[in-house]
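Student: Sharing a structure with you now.
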Amino acid sequence: MKISRRNFLKSSAAAATIAAINAKSGDVLAKISPKEAGIIKEELKNYKKVFSADAMCPAECGLEFWSKGGNLWKIYGNKDVPMNDGTCCAKAASIPQLVYSPYRIKHPMIRTGERGSGQFKKVSWDEAIDFIAKKLTKIKKEYGAESVMMNTGDVTDRDQYWRLFFAWGTPNCVEHGAICDTPRRHGPKLILGGKRIQPDIMRPLLIRDKKGNLTKNYDYKTKLIIYNGWNPFVSTRIYYENRGTVEAKLKNGCKVVVIDPSYSNTATAADQWLAPRAGTDGDLFGAMLRYIIENDNPNNPDRRYIDWNMKKYVKGWDKFFDEFKSWFNKKDPINNLSYFSLEWASDRTGLTIDQIRNLAHDFGITKPATLVWGMQSPGHHYNGYCASIIGTVLNVITGNFDAPGGAIDTEIVKASKGGSAKGAQFKKRKIKKVINGKEVEGEVEHLHKDAYGDQYPSAWDDVVADIPDRIFKGVNITYGPFKGHKYPFKGYILRTGNSLITASNPEAWKKAFTAKDSNGEYKLELSVVIDSIFLESALYADVILPEASFVERMSLSDIYPSHPVLYLRDEVIKPLYESKKPTEIMNMLAKRLVELGDKDLKGEDFWLKYNSEEDFVNEMLAVSPGKLNVGTPLPYPKYPEGYKILGTPESLEKGEVEIDHKKKVIKGKPLTVEWLRKNKGVAVWPMSYYRYKKVGSDEPNKAFPKTDSKLIEFVWDYEDSGKRKGRYSKYNKRIEESKVIPAGLKEIGLEKFPKTFYWFETIWNPYTNLKYKRFENEYPFQVINGRVHHAMTGTQMATFLSEIKVEGTWQPLNDEIKDITVDVLPGAKYKAKEQVFEKNSYSVGTIWMNEDDAKELNLKTGDLVEIENPLGFSTRGKIFASGGIRPKVIKIAFGTGGRFVKEIGPLYKVKGTTPLANLMTDPNGRSPIMGFPTFADMIARIKKV
């Protein structure tokens, strides 16, 4: 094939490539003649470049999109976003397969058959909105607005929906966090007011040097990272850990330890892999804490584990220590050994005494270090709270919290966003209810099904796993002014989630969504799905609305960096088909509800206020970054320490600010969509460490962290200056006033929430809980879960990602598949075509088991098996046998099998030979503090099919 240099340069792909290279290297175009450069310049005029944020997975990396003729053309990483530092993975490369999927929801639909039948008719937007609005109006009139839940599924771009439904009158607006990993977050929330502890390895860091100048720092200080049940090399929100972990090893000699029953991708790069029994994370952490406490010696450099200076910044250490130590004299009924001793932990975890002792010693003596625990474990265990509390304490007492190279609570340092836009203020609206013949006044929020209900009042991230029960039993308000009020659960609006598959056992959800009353009407009167892709939950919807995909709408990233970073998710292309943006959907539904007579909604709060997405996002940005000017080095040394920072990094640096000393606010020029677009879509504010200390002092600043005392709290219900404080205090006050013990606490034998350290066992574990010992022989396998590189159940029509294997849970073990996929043609044209995936060429969900266990059962890789739990639930799949998993443990990835909606693409064709992980979940198994589904607490037996 003959091609001239001129024609080569005129080709769009070449021009784009050269331009991209030139951005990284200043001398490439110097070797091109002026005439040739002109050709390139002319070609580039046809491109539109937009800086935006990914949403193919929760990492939400910063990306640079190129479009042409209204189509996606090229996708690069955004070098100005420190989360991914210009990198771009296979998930981002697969974005066109999601956006242009032939299975997208293209128009509104209303159900014509029974729920689950998949029978829908195409309707106009006006018809669909009218249907929803009339149903909502009926429900509100008959049962109250509180009878409806708005579940935004993914936390990304949720605010418009929350605003609408809070204003409409329901306090029950939730998001993905309710089924993500709330037990994992519990310790940081109690102790730090945070959520998510990660290692200080996000690079670059924008930080001041010794002269006070802002620099991009790539140096690493971390000496030890312990990843417990955490696998950032496969799928994680914390994308920078992929490269940061490796770079810290290479550049700083950091040691990495991975604790996981399976030999994860992260474990392959670790210095040590420990494979304990599933569900024993808290046991290991407890033994580490006991060993460190009992063997600490400030006078011996080789035993100087505890930084006793931490007591200046901690409230309640002595009470915590006394309660923890009180367990040392108790004997565990399962092994008759002393709690948290090395021997006790060895018996329960299956690790050796030396392994546990050495791990505790290494963590105690190595500075800086970080202990990180994961979503799956302990986050998905019934007693994961205990592990997360102990893990947080370990990071604090060893002096690693907020230290350079140590442990950063990324929740409390990330930039604020949302503010009044998300509508939380509407929950304060006064309302009246008649209870037992008496009119009572309260606020909308006092009807929240969890905070004031009888099950899990401390579920600050809400409960979704109990929705099937709520549909049958309703909600009893037990606490607050509306005590005695009961309401049914009548409406469920799901946006960009897949509750039916991901929010506990699918069979419980199917049963609840199809249950009918004595009149033959569905108990759940309204089920709505809003999404760009058709997932299993949509089969059970009455109305389906097509939402614009994440490259067709505008919002903000939701990420967990080491210091404040915020970037725009901008519209790259116009919405395809008949899809609409969240702001449009919010305004349309609000307007129709008002037309039907709703008195709580007002035009000035919706369609008259927000003429565009940009109006809405600008309001979200008004509170950014919303962080305190604290730490060393001080982010902005020219301004008062401890004041809240608002405004663009540029204006703050230049001194273009107003300082309100009364409110302690430093206000620069407001951050806006326009400013972000002019700055490659991203705002980055400076890093600091030791944010709990005064600058140049060892004294606490009493401004950070986000606790009642503004100290690190090891007690959670205490008296201070005549006031009741601590994270648990308000829940205990409600219990005391109501004299009703929440159902969750009853399960673990408590009457109130503990004031300090507590311990209870997980469920469905014969090795740690005597109650389940009888199942040990008949159901010898522990079932654990994991993730692959998909966004749970939502991106599996992106077939590119099935050409990549993941550990033992996502392997090319398919039967031959024929299905429609997206073909990418020259010129960024996308066409649906039928494709054949030959046998064993396409990765599907598998059951990972130890090769010795497989031999014992006469099984080999590729064999079809059925796994069954003691509750009678079962699922089928092909096994993958290897030495990379602990014996008597099997692992299944979430959402990779048993997919029973054809719009998921090729995986629908193998639904009978791929395992549906959540079918193994106990539908009544919910963790007692926050009602989280116990995904990882189950045992099973295996038989060949």
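Each chain of the structure tokens is named A, B, ... in the order shown, its residues numbered from 1; ligands are numbered from 1 in display order.
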Per DSSP on the backbone, filter region 478-514 of chain A down to the residues in alpha helix (DSSP H) and report them as a ChimeraX atom specification.

Tutor: /A:499-502,506-514

Student: Which of region 712-873 of chain A counts as strand (DSSP E or B) under DSSP, as a count of residues only please?

Tutor: 46

Student: So that I can see what lies close to Arg592 (chain A), please list as a PyMOL selection string the residues with an atom at most 8 Å from it, counting only C-alpha atoms and leaving out residues fewer than 6 positions away in the same chain.

Tutor: chain A and resi 129-130+133

Student: Could you list, as a list in words, every residue within 10 Å of Tyr692 (chain A), counting only C-alpha atoms and ignoring same-chain residues fewer than 3 positions away?

Tutor: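 The neighbour list is Tyr313, Phe401, Asp402, Val630, Gly631, Thr632, Tyr689, Val695, Asp698, Glu699, Pro700, Asn701, Lys702, Ala703, Phe704, Pro705, Lys710, Leu711 and Ile712 of chain A.
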
Student: For the residues selected in the previous step, produce a file with N, CA, C and O atoms as a short mmCIF file (atom, residue, chain, number, x, y, z; two decimals), in the first residue's frame.

Tutor:
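Final output, saved to selection_32.cif:
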```
data_model
loop_
_atom_site.label_atom_id
_atom_site.label_comp_id
_atom_site.auth_asym_id
_atom_site.auth_seq_id
_atom_site.Cartn_x
_atom_site.Cartn_y
_atom_site.Cartn_z
N TYR A 313 -3.67 13.90 71.47
CA TYR A 313 -4.65 14.12 70.40
C TYR A 313 -5.82 13.15 70.47
O TYR A 313 -6.72 13.22 69.64
N PHE A 401 -1.03 7.84 61.78
CA PHE A 401 -2.16 8.57 61.23
C PHE A 401 -1.75 9.97 60.80
O PHE A 401 -1.19 10.74 61.57
N ASP A 402 -2.03 10.28 59.55
CA ASP A 402 -1.78 11.60 58.94
C ASP A 402 -0.30 11.99 58.97
O ASP A 402 0.03 13.18 58.90
N VAL A 630 -5.21 23.80 57.86
CA VAL A 630 -4.50 23.19 58.99
C VAL A 630 -3.42 22.27 58.47
O VAL A 630 -3.43 21.85 57.32
N GLY A 631 -2.49 21.92 59.35
CA GLY A 631 -1.47 20.93 59.04
C GLY A 631 -0.12 21.55 58.73
O GLY A 631 0.06 22.76 58.73
N THR A 632 0.84 20.64 58.48
CA THR A 632 2.21 21.04 58.20
C THR A 632 2.67 20.38 56.90
O THR A 632 2.58 19.17 56.76
N TYR A 689 0.26 17.58 56.27
CA TYR A 689 0.26 16.42 57.17
C TYR A 689 -0.02 16.88 58.59
O TYR A 689 -0.05 18.07 58.88
N VAL A 695 0.42 24.24 63.89
CA VAL A 695 1.67 24.39 63.16
C VAL A 695 2.81 24.74 64.12
O VAL A 695 2.67 25.64 64.96
N ASP A 698 3.26 20.67 69.25
CA ASP A 698 2.74 19.33 69.47
C ASP A 698 1.36 19.35 70.11
O ASP A 698 0.87 18.32 70.58
N GLU A 699 0.73 20.50 70.14
CA GLU A 699 -0.58 20.63 70.74
C GLU A 699 -1.68 20.43 69.70
O GLU A 699 -1.53 20.81 68.54
N PRO A 700 -2.79 19.82 70.09
CA PRO A 700 -3.90 19.65 69.14
C PRO A 700 -4.50 21.00 68.77
O PRO A 700 -4.56 21.92 69.59
N ASN A 701 -4.94 21.11 67.52
CA ASN A 701 -5.53 22.38 67.10
C ASN A 701 -7.02 22.46 67.39
O ASN A 701 -7.64 23.51 67.21
N LYS A 702 -7.62 21.36 67.82
CA LYS A 702 -9.05 21.29 68.16
C LYS A 702 -9.93 21.75 66.99
O LYS A 702 -11.00 22.32 67.18
N ALA A 703 -9.45 21.52 65.79
CA ALA A 703 -10.22 21.84 64.59
C ALA A 703 -10.42 20.60 63.72
O ALA A 703 -11.40 20.49 62.99
N PHE A 704 -9.48 19.69 63.79
CA PHE A 704 -9.45 18.49 62.96
C PHE A 704 -9.11 17.33 63.89
O PHE A 704 -8.26 17.50 64.78
N PRO A 705 -9.72 16.17 63.78
CA PRO A 705 -10.64 15.69 62.74
C PRO A 705 -12.11 16.02 63.02
O PRO A 705 -12.40 16.79 63.95
N LYS A 710 -13.30 17.28 68.45
CA LYS A 710 -12.22 17.70 67.54
C LYS A 710 -10.89 17.08 67.95
O LYS A 710 -9.82 17.62 67.71
N LEU A 711 -11.00 15.91 68.61
CA LEU A 711 -9.85 15.07 68.90
C LEU A 711 -10.12 13.70 68.29
O LEU A 711 -11.25 13.40 67.86
N ILE A 712 -9.11 12.87 68.25
CA ILE A 712 -9.30 11.49 67.83
C ILE A 712 -10.02 10.77 68.97
O ILE A 712 -9.51 10.72 70.09
#
```

Student: For Lys888 (chain A), please output as a list in words all residues within 9 Å (counting only C-alpha atoms; exclusion window: fewer than 3 positions along the same chain).

Tutor: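 The contact residues come out as Arg277, Pro780, Phe781, Gln782, Val783, Met849, Asn850, Asp853 and Ile885 of chain A.
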
Student: Considering only C-alpha atoms, state which residue in the set A:Phe489, A:Tyr772, A:Phe757, A:Phe606 is at the smallest distance from Asp318 (chain A).

Tutor: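 Among the listed residues, A:Phe757 lies closest to Asp318 (chain A).
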
Student: Measuring atom to atom with only C-alpha atoms, identify which of A:Ile32, A:Met554, A:Leu206, A:Val684 is nearest to Val572 (chain A).

Tutor: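 Checking each of A:Ile32, A:Met554, A:Leu206, A:Val684 against Val572 (chain A), counting only C-alpha atoms, the winner is A:Met554.
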
Student: Let me make sure I understand: among A:Arg203, A:Lys422, A:Lys106, A:Lys574, which one has the smallest atom-to-atom distance to Asp605 (chain A) if we use only C-alpha atoms?

Tutor: A:Lys422

Student: Go through region 426-521 of chain A residue by residue and, counting only C-alpha atoms, keep those with an atom at most 12 Å from region 187-201 of chain A; for each kept residue give the shortest atom pair and its distance in Å to one decimal, ordered by chain and increasing number, as JSON lines.

Tutor:
```
{"residue": "A:Ser458", "atom": "CA", "partner": "A:Leu190", "partner_atom": "CA", "distance": 11.1}
{"residue": "A:Ala459", "atom": "CA", "partner": "A:Lys189", "partner_atom": "CA", "distance": 11.6}
{"residue": "A:Trp460", "atom": "CA", "partner": "A:Lys189", "partner_atom": "CA", "distance": 9.8}
{"residue": "A:Asp461", "atom": "CA", "partner": "A:Lys195", "partner_atom": "CA", "distance": 10.7}
```

Student: Compile the contact shell of Lys627 (chain A) as a PyMOL selection string: residues with an atom at most 9 Å away, counting only C-alpha atoms, same-chain residues fewer than 6 positions apart removed.

Tutor: chain A and resi 412-416+564+643-646

Student: Those same residues, written as a PDB file, in the first residue's frame with all heavy atoms?

Tutor:
```
ATOM      1  N   ILE A 412     -12.057  12.566  55.013  1.00  0.00           N
ATOM      2  CA  ILE A 412     -12.115  13.862  55.699  1.00  0.00           C
ATOM      3  C   ILE A 412     -11.168  14.893  55.111  1.00  0.00           C
ATOM      4  O   ILE A 412     -11.149  16.034  55.565  1.00  0.00           O
ATOM      5  CB  ILE A 412     -11.862  13.720  57.217  1.00  0.00           C
ATOM      6  CG1 ILE A 412     -10.618  12.881  57.525  1.00  0.00           C
ATOM      7  CG2 ILE A 412     -13.067  13.127  57.895  1.00  0.00           C
ATOM      8  CD1 ILE A 412     -10.315  12.754  59.011  1.00  0.00           C
ATOM      9  N   VAL A 413     -10.406  14.514  54.078  1.00  0.00           N
ATOM     10  CA  VAL A 413      -9.546  15.505  53.433  1.00  0.00           C
ATOM     11  C   VAL A 413      -9.977  15.787  52.003  1.00  0.00           C
ATOM     12  O   VAL A 413      -9.497  16.739  51.389  1.00  0.00           O
ATOM     13  CB  VAL A 413      -8.060  15.070  53.448  1.00  0.00           C
ATOM     14  CG1 VAL A 413      -7.588  14.874  54.873  1.00  0.00           C
ATOM     15  CG2 VAL A 413      -7.828  13.812  52.633  1.00  0.00           C
ATOM     16  N   LYS A 414     -10.885  14.981  51.452  1.00  0.00           N
ATOM     17  CA  LYS A 414     -11.303  15.238  50.077  1.00  0.00           C
ATOM     18  C   LYS A 414     -12.169  16.495  50.018  1.00  0.00           C
ATOM     19  O   LYS A 414     -12.802  16.885  51.004  1.00  0.00           O
ATOM     20  CB  LYS A 414     -12.059  14.030  49.512  1.00  0.00           C
ATOM     21  CG  LYS A 414     -13.454  13.806  50.056  1.00  0.00           C
ATOM     22  CD  LYS A 414     -14.100  12.623  49.336  1.00  0.00           C
ATOM     23  CE  LYS A 414     -15.559  12.465  49.711  1.00  0.00           C
ATOM     24  NZ  LYS A 414     -16.201  11.376  48.968  1.00  0.00           N
ATOM     25  N   ALA A 415     -12.205  17.132  48.867  1.00  0.00           N
ATOM     26  CA  ALA A 415     -12.932  18.382  48.704  1.00  0.00           C
ATOM     27  C   ALA A 415     -14.428  18.179  48.901  1.00  0.00           C
ATOM     28  O   ALA A 415     -14.995  17.159  48.504  1.00  0.00           O
ATOM     29  CB  ALA A 415     -12.662  18.958  47.312  1.00  0.00           C
ATOM     30  N   SER A 416     -15.068  19.153  49.515  1.00  0.00           N
ATOM     31  CA  SER A 416     -16.521  19.136  49.672  1.00  0.00           C
ATOM     32  C   SER A 416     -17.181  19.523  48.357  1.00  0.00           C
ATOM     33  O   SER A 416     -16.636  20.289  47.573  1.00  0.00           O
ATOM     34  CB  SER A 416     -16.947  20.123  50.761  1.00  0.00           C
ATOM     35  OG  SER A 416     -16.360  19.799  51.995  1.00  0.00           O
ATOM     36  N   PRO A 564      -7.298  17.775  49.005  1.00  0.00           N
ATOM     37  CA  PRO A 564      -8.437  18.185  48.185  1.00  0.00           C
ATOM     38  C   PRO A 564      -8.133  18.254  46.687  1.00  0.00           C
ATOM     39  O   PRO A 564      -7.244  18.980  46.251  1.00  0.00           O
ATOM     40  CB  PRO A 564      -8.793  19.572  48.738  1.00  0.00           C
ATOM     41  CG  PRO A 564      -8.265  19.573  50.133  1.00  0.00           C
ATOM     42  CD  PRO A 564      -7.022  18.751  50.084  1.00  0.00           C
ATOM     43  N   TYR A 643      -9.002  28.152  59.659  1.00  0.00           N
ATOM     44  CA  TYR A 643     -10.143  28.722  58.942  1.00  0.00           C
ATOM     45  C   TYR A 643     -10.529  27.813  57.774  1.00  0.00           C
ATOM     46  O   TYR A 643      -9.678  27.138  57.183  1.00  0.00           O
ATOM     47  CB  TYR A 643      -9.811  30.113  58.413  1.00  0.00           C
ATOM     48  CG  TYR A 643      -9.864  31.226  59.435  1.00  0.00           C
ATOM     49  CD1 TYR A 643      -9.548  30.999  60.779  1.00  0.00           C
ATOM     50  CD2 TYR A 643     -10.227  32.513  59.074  1.00  0.00           C
ATOM     51  CE1 TYR A 643      -9.588  32.029  61.710  1.00  0.00           C
ATOM     52  CE2 TYR A 643     -10.261  33.563  59.991  1.00  0.00           C
ATOM     53  CZ  TYR A 643      -9.940  33.304  61.311  1.00  0.00           C
ATOM     54  OH  TYR A 643      -9.971  34.319  62.238  1.00  0.00           O
ATOM     55  N   LYS A 644     -11.829  27.828  57.431  1.00  0.00           N
ATOM     56  CA  LYS A 644     -12.300  27.052  56.285  1.00  0.00           C
ATOM     57  C   LYS A 644     -11.913  27.760  54.992  1.00  0.00           C
ATOM     58  O   LYS A 644     -12.012  28.974  54.871  1.00  0.00           O
ATOM     59  CB  LYS A 644     -13.813  26.877  56.341  1.00  0.00           C
ATOM     60  CG  LYS A 644     -14.370  26.034  55.182  1.00  0.00           C
ATOM     61  CD  LYS A 644     -15.877  25.960  55.182  1.00  0.00           C
ATOM     62  CE  LYS A 644     -16.377  25.059  56.303  1.00  0.00           C
ATOM     63  NZ  LYS A 644     -17.848  24.837  56.178  1.00  0.00           N
ATOM     64  N   ILE A 645     -11.488  26.968  54.004  1.00  0.00           N
ATOM     65  CA  ILE A 645     -11.026  27.494  52.721  1.00  0.00           C
ATOM     66  C   ILE A 645     -12.110  27.276  51.668  1.00  0.00           C
ATOM     67  O   ILE A 645     -12.617  26.163  51.494  1.00  0.00           O
ATOM     68  CB  ILE A 645      -9.739  26.779  52.268  1.00  0.00           C
ATOM     69  CG1 ILE A 645      -8.637  26.914  53.331  1.00  0.00           C
ATOM     70  CG2 ILE A 645      -9.266  27.311  50.932  1.00  0.00           C
ATOM     71  CD1 ILE A 645      -7.482  25.963  53.111  1.00  0.00           C
ATOM     72  N   LEU A 646     -12.453  28.331  50.944  1.00  0.00           N
ATOM     73  CA  LEU A 646     -13.379  28.265  49.826  1.00  0.00           C
ATOM     74  C   LEU A 646     -12.776  28.981  48.628  1.00  0.00           C
ATOM     75  O   LEU A 646     -12.097  29.995  48.785  1.00  0.00           O
ATOM     76  CB  LEU A 646     -14.726  28.921  50.170  1.00  0.00           C
ATOM     77  CG  LEU A 646     -15.546  28.312  51.307  1.00  0.00           C
ATOM     78  CD1 LEU A 646     -16.759  29.182  51.611  1.00  0.00           C
ATOM     79  CD2 LEU A 646     -15.994  26.897  50.957  1.00  0.00           C
TER      80      LEU A 646
END
```

Student: Fewer than 5 positions away in the same chain doesn't count, so skip those; otherwise give me all residues within 9 Å of Tyr47 (chain A), counting only C-alpha atoms, as a tab-separated table (two decimals) with all heavy atoms, in the first residue's frame.

Tutor:
```tsv
chain	number	residue	atom	x	y	z
A	16	ALA	N	-3.88	13.12	15.38
A	16	ALA	CA	-4.20	13.07	16.81
A	16	ALA	C	-3.05	12.48	17.60
A	16	ALA	O	-2.70	12.96	18.68
A	16	ALA	CB	-5.46	12.25	17.03
A	66	TRP	N	-11.41	13.17	23.08
A	66	TRP	CA	-11.45	13.83	21.79
A	66	TRP	C	-12.66	13.31	21.03
A	66	TRP	O	-12.87	12.09	20.92
A	66	TRP	CB	-10.19	13.53	20.97
A	66	TRP	CG	-8.93	14.16	21.50
A	66	TRP	CD1	-8.61	14.40	22.79
A	66	TRP	CD2	-7.82	14.60	20.72
A	66	TRP	NE1	-7.37	14.97	22.90
A	66	TRP	CE2	-6.86	15.11	21.63
A	66	TRP	CE3	-7.53	14.62	19.37
A	66	TRP	CZ2	-5.64	15.63	21.21
A	66	TRP	CZ3	-6.32	15.14	18.94
A	66	TRP	CH2	-5.38	15.65	19.86
A	67	SER	N	-13.45	14.23	20.53
A	67	SER	CA	-14.60	13.83	19.72
A	67	SER	C	-14.53	14.52	18.37
A	67	SER	O	-13.88	15.55	18.20
A	67	SER	CB	-15.91	14.19	20.42
A	67	SER	OG	-16.05	15.59	20.56
A	68	LYS	N	-15.23	13.93	17.43
A	68	LYS	CA	-15.26	14.48	16.07
A	68	LYS	C	-16.59	14.11	15.45
A	68	LYS	O	-16.99	12.94	15.50
A	68	LYS	CB	-14.10	13.92	15.24
A	68	LYS	CG	-14.00	14.49	13.83
A	68	LYS	CD	-12.81	13.86	13.11
A	68	LYS	CE	-12.69	14.39	11.69
A	68	LYS	NZ	-11.58	13.75	10.96
A	69	GLY	N	-17.27	15.11	14.90
A	69	GLY	CA	-18.57	14.83	14.29
A	69	GLY	C	-19.59	14.30	15.28
A	69	GLY	O	-20.49	13.56	14.89
A	73	TRP	N	-13.79	9.84	19.82
A	73	TRP	CA	-12.71	9.54	18.88
A	73	TRP	C	-11.50	8.95	19.59
A	73	TRP	O	-11.03	7.88	19.25
A	73	TRP	CB	-12.31	10.83	18.15
A	73	TRP	CG	-11.44	10.61	16.97
A	73	TRP	CD1	-10.08	10.48	16.96
A	73	TRP	CD2	-11.85	10.49	15.60
A	73	TRP	NE1	-9.61	10.30	15.70
A	73	TRP	CE2	-10.68	10.29	14.83
A	73	TRP	CE3	-13.08	10.55	14.96
A	73	TRP	CZ2	-10.71	10.15	13.45
A	73	TRP	CZ3	-13.11	10.41	13.57
A	73	TRP	CH2	-11.95	10.21	12.83
```

Student: Work out how far CA of Phe513 (chain A) is from CA of Asp469 (chain A), in Å to one decimal.

Tutor: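 A separation of 10.7 Å between them.
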
Student: Would you mind telling me which residue in A:Val257, A:His186, A:Glu114, A:Ile804 lies nearest to Arg727 (chain A) when using only C-alpha atoms?

Tutor: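 Comparing A:Val257, A:His186, A:Glu114, A:Ile804 against Arg727 (chain A), the winner is A:His186.
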
Student: Point out the residue among A:Thr245, A:Asp347, A:Ile879, A:Gly286 with the least atom-to-atom distance to Phe328 (chain A), counting only C-alpha atoms.

Tutor: A:Gly286

Student: Grab the CA of Lys367 (chain A) to CA of Arg348 (chain A) distance for me, in Å with one decimal place.

Tutor: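 Computing the Euclidean distance for CA of Lys367 (chain A) and CA of Arg348 (chain A) yields 28.7 Å.
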
Student: Of the residues A:Ala421, A:Leu576, A:Ile471, A:Ile867, which is the one nearest to Phe616 (chain A), using only C-alpha atoms?

Tutor: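 Distance minimum relative to Phe616 (chain A) lands on A:Ala421.
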
Student: What is the CA of Tyr76 (chain A)-CA of Gly244 (chain A) distance in Å, reported with one decimal?

Tutor: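 So the answer is 19.7 Å.
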